[in-house]
2 protein chains.
Amino acid sequence: MASGIKCRRFIHSLLRTCKRGHVPVLQRHCHRGMTIEQIEQEVAKLLELKAQIGDDGAKKFVLKTPKGTRDYSPQQMAIREGVFDTIISCFKRHGAETIDTPVFELKETLTGKYGEDSKLIYDLKDQGGEILSLRYDLTVPFARYLAMNKIQNIKRYHIAKVYRRDNPAMTKGRFREFYQCDFDIAGLYDPMLPDAECLKIVAEILQELNLGEFVIKVNHRKILDGMFGACGVPEEKFRSICSAVDKLDKTFWDDVRTEMVDEKGLEPSSADLIGTYVKQSGGTELIDMLLQDERLSKSKDAKEGLEQMKLLLRYCELYGIKDKVLFDLSLARGLDYYTGVIYEAILKGFTNTPSAAGAGEEQLGVGSVAGGGRYDNLVGMFDAKGKNVPCVGVSIGVERVFSIIEAKYQASQIKSRTTQTEVYVVSAQKNLHEDRMKLCAELWDANIKAEHSCKKSPKPLTQFQYCEDMQIPLAIIIGESELQNNVVTMRNVSSREEKEVPRDKMVEEIKKTLRDLQTQSK
Amino acid sequence: MASGIKCRRFIHSLLRTCKRGHVPVLQRHCHRGMTIEQIEQEVAKLLELKAQIGDDGAKKFVLKTPKGTRDYSPQQMAIREGVFDTIISCFKRHGAETIDTPVFELKETLTGKYGEDSKLIYDLKDQGGEILSLRYDLTVPFARYLAMNKIQNIKRYHIAKVYRRDNPAMTKGRFREFYQCDFDIAGLYDPMLPDAECLKIVAEILQELNLGEFVIKVNHRKILDGMFGACGVPEEKFRSICSAVDKLDKTFWDDVRTEMVDEKGLEPSSADLIGTYVKQSGGTELIDMLLQDERLSKSKDAKEGLEQMKLLLRYCELYGIKDKVLFDLSLARGLDYYTGVIYEAILKGFTNTPSAAGAGEEQLGVGSVAGGGRYDNLVGMFDAKGKNVPCVGVSIGVERVFSIIEAKYQASQIKSRTTQTEVYVVSAQKNLHEDRMKLCAELWDANIKAEHSCKKSPKPLTQFQYCEDMQIPLAIIIGESELQNNVVTMRNVSSREEKEVPRDKMVEEIKKTLRDLQTQSK
């Protein structure tokens, strides 16, 4: 078998060499006492042989996952589970319940919720029956769930995959199938109380994930709308001008201004006025200044938004996250359904600078790792009477988080464990598989995580190597002498220390040793 | 607002009454001093009013989840998480890693793997690009994953949703979108060693889920094939006769015999011979008897299968699960890809008896809760050179498990908790929200699960009621006096005992009390 593979490899390398006409390589073969003619003969023979054993290239089908999707290997799953644990712990610490919804919805449930992005929705084939689409996010299914079940109050999280037929950039963590981790508070409450808790949650999660310095930019749709009005933007252009502002995190102001004036027909003077505002960011002192601003102070919306923003910053101070939050007038967020506070968390080490804009969106870093805002009118779109349930929520961009942590592991060359096995049961001689089985059953029944080889007579070295590869802390070794004396040998895999333990004390001794090892590693 | 709703309700009840021509109701109104003419005038006015305020009946769309799917409420999610925890703990106890694959695959990946059932696959709409289908199970994606990554050995679990356009029976736990919990061992090992571990895992999980008595029926495709051959079934009919035998768990033998003879053209004498075998079940003694059987002992396949079955039962004894396992010659399992041992776990309380067969499959109980077997040739279907990786695995039917546990909860009227909140922060007077916020931040930062109202001045009674409804163990109460004296009042929600705690000892005291409560409840 092995020689067959070697033979094939040789043929292939030879064929490649011939194709490229790499004479130096041929000459090397010549030095070994072959003429070019002899080589040609050999190649012909080998080609015939190759035809007999079948051609690698002739695959019956393409062996791949669909475009923009990926499998998660055990290594990647270990990282994913760690990240989810951190996030879920935080959601639960804040008293959240969890729900789940189907991966597809009636197509009409999604219709009219995503504006231009609707073209990115995956539709199912019409196979008779209902017309279905894969969910595009978790927010619209959540709103549908609230309206359908007439729920007025809920604090819930939902972790699940969503689907977008977007242009994937997989090394950057941008996929067509990807996880969202959403936390939302629905209900009629006092201003900024739930909004501030969402910011607190983002801050806690990013802190605990240990991804480095971050800032949570906040803004308010009413401030934006008030500012647009005050700058002379006609109301029907609010959303399109807003989506132009949204590009400021990846484009220079001059380009955004050009889009506003040339594409969207805004007066140059209006655009220039907007430019003076969107360059500003700060804290309460900026809000106070803007409240005194001649133009903005005339707008009811702007004033209301600014007052709410002031309250939000006050609450952030009480929650101990004031230094993480920055009021930034350039933050706009793409989605249409936001009605109040909006926010986006950005890792400072990866901040998107306009300097990368020249090469297009593909050049973006993984700076933005969470975002959200208030959407008070979405549930009403699903209610027959249009009855609204005010909502505010946040979505953690976990795919980007996975990418960052994966890169960290790769850089540090630390291999995370993919199993939790505590004990590997090793047989020192042949044909002891039945004794291993009895011993394993004993360990499993005592709730000890244990494995043994599925071969009857594995080599001792292979078994020890497995323990080291899988970072299993303990090995229990049995051989003829151990069986005769009714003992086992317990081995600490990393220190290679061994000690004999009476068989009837084995479970107890393993549990004690595991506890000790855990205490040591802390 | 409220009067508007009342008004609408009155109009609707009146309209319904009129439609149905319920004179008694009208007469009742007459008694209140109105003539029928007056009522008609009123109705006309009200109808006009109704038109102005909008019509309830005119829903813009159907508010539902797609056929055969459901949302999971927080209550259902609590049950689901409990079941998954049990199952995952068991998989991890046996040293399994986990992987994940995309929800859709290239259509050609699924083609030719499911026989007749292929018609149940959900296809995605061709929106340009690849042709995709939703996964039908987790086994085929697993085989694709092994072949694609050239993996020779892995012990992995995979918990994810799969999709089948089947006829749903949702109260029985049969859905179009449902979870599968799969555990598989891939690799070239010694006979029956991995197979026995799969059975051990099924036994452990069913024991721990506490669903009552169960039996794991086992059989072997080689025994079935050998038996078919010995009974005179032509080889090309093996699979179709096998799928007829598969129906014996829900149909009488007479009906199965009719299918074999009338539909599938089998000789009546062959069918009768099969009938004598498939009625048998037992342990090692049955295997020994069959090894002596004149007909079977001539079949190489049957002998090989019986020898392996004997070894499997021996291993089950070593694993301490002999009393849970029953060799049953009527077990066939539908899927084509099995090549060796097959098994199915059945809850005794729900056993499917042929008596229910008259009313069709809809009448089946939820007896079967796990199934699996050996499939040695599936990975080869994805390998360009046809190289196989032998596999054996088991799938836990968790939707049925959820249904059973949900019904148990409903019967016992025990409400499982949907959050893990440990402390609710209550304000005794108005406008103490800022103090609550500071206090909550302190608790969260100390990793205590805490909540408070998102209203500035909630009523104390509402806050205590919430604690009781959500089964939150502790309340921390702050009022003017507590704030003045730098203390908090800690309340045990179920006993209603209260005690004063200095503010700087609060976190410590809460942690101690929670530990005590946990110890008590054990």
# chains A, B, ... in the order shown; residues from 1 in each chain; ligands from 1

$ residues_around --residues "range 110-124 of chain B" --least-positions-apart "6" --cutoff "10 Å" --atoms "only C-alpha atoms" --output "MDAnalysis selection string"
(chainID A and resid 122:127 132:134) or (chainID B and resid 104 130:137 140:141 144 162:167 176 334:337 378 381)

$ select_by_dssp --residues "range 268-507 of chain B" --states "strand (DSSP E)" --output "count of residues only"
50

$ residues_around --residues "Gln75 in chain A" --least-positions-apart "6" --cutoff "9 Å" --atoms "only C-alpha atoms" --output "PyMOL selection string"
(chain A and resi 415-418) or (chain B and resi 97-99)

$ closest_residue --among "A:Pro102, A:Asp225, A:Val83, A:Gly320" --to "Leu443 in chain B" --atoms "only C-alpha atoms"
A:Gly320

$ atom_distance --atom1 "CA of Glu406 in chain A" --atom2 "CA of Asn149 in chain B"
19.0 Å

$ residues_around --residues "Ile477 in chain B" --least-positions-apart "6" --cutoff "8 Å" --atoms "only C-alpha atoms" --output "list in words"
Val425, Val426, Ser427, Ala428, Val488, Thr489, Met490 and Arg491 of chain B

$ write_last_selection --atoms "N, CA and C atoms" --output "short mmCIF file (atom, residue, chain, number, x, y, z; two decimals), in the first residue's frame"
data_model
loop_
_atom_site.label_atom_id
_atom_site.label_comp_id
_atom_site.auth_asym_id
_atom_site.auth_seq_id
_atom_site.Cartn_x
_atom_site.Cartn_y
_atom_site.Cartn_z
N VAL B 425 -32.64 42.88 42.61
CA VAL B 425 -32.40 44.09 43.39
C VAL B 425 -33.68 44.93 43.39
N VAL B 426 -34.24 45.11 44.60
CA VAL B 426 -35.55 45.73 44.76
C VAL B 426 -35.37 47.13 45.36
N SER B 427 -36.09 48.11 44.81
CA SER B 427 -36.07 49.42 45.49
C SER B 427 -37.39 49.60 46.23
N ALA B 428 -37.27 50.04 47.49
CA ALA B 428 -38.44 50.14 48.35
C ALA B 428 -39.21 51.45 48.13
N VAL B 488 -27.85 46.89 53.30
CA VAL B 488 -28.93 46.41 52.43
C VAL B 488 -29.75 45.40 53.22
N THR B 489 -31.00 45.18 52.81
CA THR B 489 -31.80 44.13 53.41
C THR B 489 -31.79 42.93 52.46
N MET B 490 -31.34 41.78 52.98
CA MET B 490 -31.31 40.58 52.15
C MET B 490 -32.50 39.71 52.51
N ARG B 491 -33.28 39.31 51.49
CA ARG B 491 -34.51 38.56 51.74
C ARG B 491 -34.43 37.20 51.05
#

$ atom_distance --atom1 "CA of Cys391 in chain B" --atom2 "CA of Asp184 in chain B"
6.8 Å

$ select_by_dssp --residues "range 225-258 of chain B" --states "helix (DSSP H, G or I)" --output "short mmCIF file (atom, residue, chain, number, x, y, z; two decimals) with C-alpha atoms, in the first residue's frame"
data_model
loop_
_atom_site.label_atom_id
_atom_site.label_comp_id
_atom_site.auth_asym_id
_atom_site.auth_seq_id
_atom_site.Cartn_x
_atom_site.Cartn_y
_atom_site.Cartn_z
CA ASP B 225 -28.60 -11.22 4.30
CA GLY B 226 -27.45 -14.75 5.15
CA MET B 227 -30.93 -15.61 6.36
CA PHE B 228 -32.55 -14.15 3.22
CA GLY B 229 -30.18 -16.20 1.06
CA ALA B 230 -30.84 -19.35 3.09
CA GLU B 235 -29.81 -11.42 -3.97
CA GLU B 236 -31.23 -8.46 -5.91
CA LYS B 237 -34.26 -8.54 -3.60
CA PHE B 238 -32.27 -8.47 -0.31
CA ARG B 239 -32.71 -4.71 0.28
CA SER B 240 -36.40 -4.57 -0.61
CA ILE B 241 -37.24 -7.63 1.50
CA CYS B 242 -35.15 -6.09 4.28
CA SER B 243 -37.23 -2.92 4.18
CA ALA B 244 -40.38 -5.07 4.41
CA VAL B 245 -38.98 -6.75 7.55
CA ASP B 246 -38.23 -3.27 8.91
CA LYS B 247 -41.97 -2.67 9.18
CA LEU B 248 -42.44 -5.48 11.72
CA ASP B 249 -42.19 -3.02 14.62
CA TRP B 253 -46.42 -10.40 10.22
CA ASP B 254 -49.34 -11.23 7.93
CA ASP B 255 -49.19 -7.77 6.36
CA VAL B 256 -45.44 -7.94 5.96
CA ARG B 257 -45.79 -11.38 4.33
CA THR B 258 -48.40 -9.99 1.93
#
